[in-house]
Each structure stands twice: as structure tokens, then as C-alpha cells.
Amino acid sequence: MLVTIGKIAICILSVLIIVLVLLQRPKDGAGAAFGGGDSFLSKTKSKTYEAKLDRYTKIAAVTLAVASFALVLIQKFAA
């Protein structure tokens with residue numbers, strides 16, 4: 001039962017990450033992907049829609065990793 005719930009949670013998180021990534025706007029150049037490009041817009045990014053999408057994507061990705069690891073542990077030790 002717990003394994004089934006874990007698998008469903010991982011599927012939902014995977015779809016959520018896909019949707020969050022598709023909603024994001026493309027970054028300007030490769031420097032922006034690595035934290036480059038310090039401008040006024042990047043300094044006030046914490047209040048923008050894009051910043052919220054970035055934050056939610058990171059939270060969903062970490063949650064997916066933790067849920068996947070937990071599911072492996074549950075399957076290994078519960079059996």
C-alpha cells in the first residue's frame with residue numbers, strides 16, 4: 001500500500017516538474033544559466049513570477065529526489 005502511494009506521488013511530482021519547466025521563460029544566454037548577468041531585473045527577481053516558478057521547480061525537484069530515495073528504502077526494507 002505504501003509503495004503504491006509512493007509511486008503515485010512520484011508520478012505526480014514528475015508531471016508537476018514538467019509543467020513548471022514548460023511555464024518558465026527561456027534564459028538569455030548561457031551565462032544566465034550559471035548565475036551570470038547581474039542587472040536590476042535579476043536583483044529584484046525574488047518578487048517576480050519567474051522567480052516563483054524557479055523556486056517551485058527547485059522545491060519540486062528536491063521533493064522528487066527525496067521521495068524516490070524514500071521509496072527505494074521502503075521497497076528494500078519492507079520486503
# chains A, B, ... in the order shown; residues from 1 in each chain; ligands from 1
$ residues_around --residues "Leu73 (chain A)" --least-positions-apart "5" --cutoff "12 Å" --atoms "only C-alpha atoms" --output "ChimeraX atom specification"
/A:2-3,6,66-68,78-79
$ residues_around --residues "region 22-27 of chain A" --least-positions-apart "6" --cutoff "10 Å" --atoms "only C-alpha atoms" --output "compact mmCIF listing (two decimals) with C-alpha atoms, in the first residue's frame"
# COMPACT_ATOMS: atom_id res chain seq x y z
CA LEU A 16 4.45 18.86 -11.86
CA ALA A 33 22.06 29.70 -16.57
CA TYR A 49 6.55 35.45 -11.44
CA GLU A 50 9.66 33.83 -12.92
CA ALA A 51 11.36 33.72 -9.53
CA LYS A 52 8.39 31.98 -8.01
CA LEU A 53 8.41 29.40 -10.81
CA ASP A 54 12.15 28.86 -10.26
CA THR A 57 10.67 23.98 -9.58
$ residues_around --residues "Ala60 (chain A)" --least-positions-apart "3" --cutoff "7 Å" --atoms "only C-alpha atoms" --output "list in words"
Leu13, Ile17, Tyr56, Thr57, Thr63 and Leu64 of chain A
$ write_last_selection --atoms "all heavy atoms" --output "PDB file, in the first residue's frame"
ATOM      1  N   LEU A  13       4.645  14.264  -8.927  1.00  0.00           N
ATOM      2  CA  LEU A  13       5.764  15.204  -8.858  1.00  0.00           C
ATOM      3  C   LEU A  13       6.475  15.342 -10.199  1.00  0.00           C
ATOM      4  O   LEU A  13       6.894  16.437 -10.578  1.00  0.00           O
ATOM      5  CB  LEU A  13       6.757  14.780  -7.778  1.00  0.00           C
ATOM      6  CG  LEU A  13       6.324  15.032  -6.344  1.00  0.00           C
ATOM      7  CD1 LEU A  13       7.250  14.305  -5.376  1.00  0.00           C
ATOM      8  CD2 LEU A  13       6.301  16.521  -6.051  1.00  0.00           C
ATOM      9  N   ILE A  17       6.856  18.844 -12.235  1.00  0.00           N
ATOM     10  CA  ILE A  17       8.129  19.419 -12.668  1.00  0.00           C
ATOM     11  C   ILE A  17       8.098  19.731 -14.160  1.00  0.00           C
ATOM     12  O   ILE A  17       8.569  20.788 -14.596  1.00  0.00           O
ATOM     13  CB  ILE A  17       9.303  18.485 -12.319  1.00  0.00           C
ATOM     14  CG1 ILE A  17       9.516  18.472 -10.809  1.00  0.00           C
ATOM     15  CG2 ILE A  17      10.585  18.909 -13.031  1.00  0.00           C
ATOM     16  CD1 ILE A  17      10.546  17.479 -10.338  1.00  0.00           C
ATOM     17  N   TYR A  56       9.569  27.147  -7.058  1.00  0.00           N
ATOM     18  CA  TYR A  56       8.686  25.977  -7.023  1.00  0.00           C
ATOM     19  C   TYR A  56       9.296  24.786  -7.753  1.00  0.00           C
ATOM     20  O   TYR A  56       9.125  23.642  -7.338  1.00  0.00           O
ATOM     21  CB  TYR A  56       7.320  26.316  -7.612  1.00  0.00           C
ATOM     22  CG  TYR A  56       6.546  27.358  -6.840  1.00  0.00           C
ATOM     23  CD1 TYR A  56       5.650  28.197  -7.475  1.00  0.00           C
ATOM     24  CD2 TYR A  56       6.715  27.525  -5.470  1.00  0.00           C
ATOM     25  CE1 TYR A  56       4.937  29.158  -6.779  1.00  0.00           C
ATOM     26  CE2 TYR A  56       6.014  28.490  -4.763  1.00  0.00           C
ATOM     27  CZ  TYR A  56       5.120  29.297  -5.421  1.00  0.00           C
ATOM     28  OH  TYR A  56       4.425  30.250  -4.732  1.00  0.00           O
ATOM     29  N   THR A  57      10.010  25.059  -8.845  1.00  0.00           N
ATOM     30  CA  THR A  57      10.667  23.981  -9.583  1.00  0.00           C
ATOM     31  C   THR A  57      11.750  23.332  -8.733  1.00  0.00           C
ATOM     32  O   THR A  57      11.865  22.099  -8.690  1.00  0.00           O
ATOM     33  CB  THR A  57      11.272  24.523 -10.893  1.00  0.00           C
ATOM     34  OG1 THR A  57      10.240  25.158 -11.654  1.00  0.00           O
ATOM     35  CG2 THR A  57      11.879  23.407 -11.716  1.00  0.00           C
ATOM     36  N   THR A  63      11.936  17.519  -3.643  1.00  0.00           N
ATOM     37  CA  THR A  63      10.905  16.619  -3.116  1.00  0.00           C
ATOM     38  C   THR A  63      10.857  15.320  -3.905  1.00  0.00           C
ATOM     39  O   THR A  63      10.710  14.236  -3.324  1.00  0.00           O
ATOM     40  CB  THR A  63       9.529  17.310  -3.143  1.00  0.00           C
ATOM     41  OG1 THR A  63       9.621  18.561  -2.461  1.00  0.00           O
ATOM     42  CG2 THR A  63       8.470  16.453  -2.478  1.00  0.00           C
ATOM     43  N   LEU A  64      11.013  15.409  -5.223  1.00  0.00           N
ATOM     44  CA  LEU A  64      11.038  14.209  -6.054  1.00  0.00           C
ATOM     45  C   LEU A  64      12.235  13.330  -5.706  1.00  0.00           C
ATOM     46  O   LEU A  64      12.104  12.101  -5.599  1.00  0.00           O
ATOM     47  CB  LEU A  64      11.069  14.577  -7.540  1.00  0.00           C
ATOM     48  CG  LEU A  64      11.172  13.413  -8.521  1.00  0.00           C
ATOM     49  CD1 LEU A  64       9.916  12.556  -8.466  1.00  0.00           C
ATOM     50  CD2 LEU A  64      11.397  13.929  -9.925  1.00  0.00           C
TER      51      LEU A  64
END
$ atom_distance --atom1 "CA of Ile5 (chain A)" --atom2 "CA of Val19 (chain A)"
21.2 Å
$ atom_distance --atom1 "CA of Lys76 (chain A)" --atom2 "CA of Ile10 (chain A)"
17.1 Å
$ residues_around --residues "Met1 (chain A)" --least-positions-apart "6" --cutoff "12 Å" --atoms "only C-alpha atoms" --output "tab-separated table (two decimals) with C-alpha atoms, in the first residue's frame"
chain	number	residue	atom	x	y	z
A	7	LYS	CA	4.76	5.57	-6.89
A	8	ILE	CA	1.70	7.76	-7.40
A	71	LEU	CA	10.61	4.68	-1.97
A	74	ILE	CA	10.79	1.30	1.71
A	75	GLN	CA	10.98	-1.33	-1.02
A	78	ALA	CA	9.73	-3.56	3.87
$ atom_distance --atom1 "CA of Ala61 (chain A)" --atom2 "CA of Phe77 (chain A)"
24.5 Å
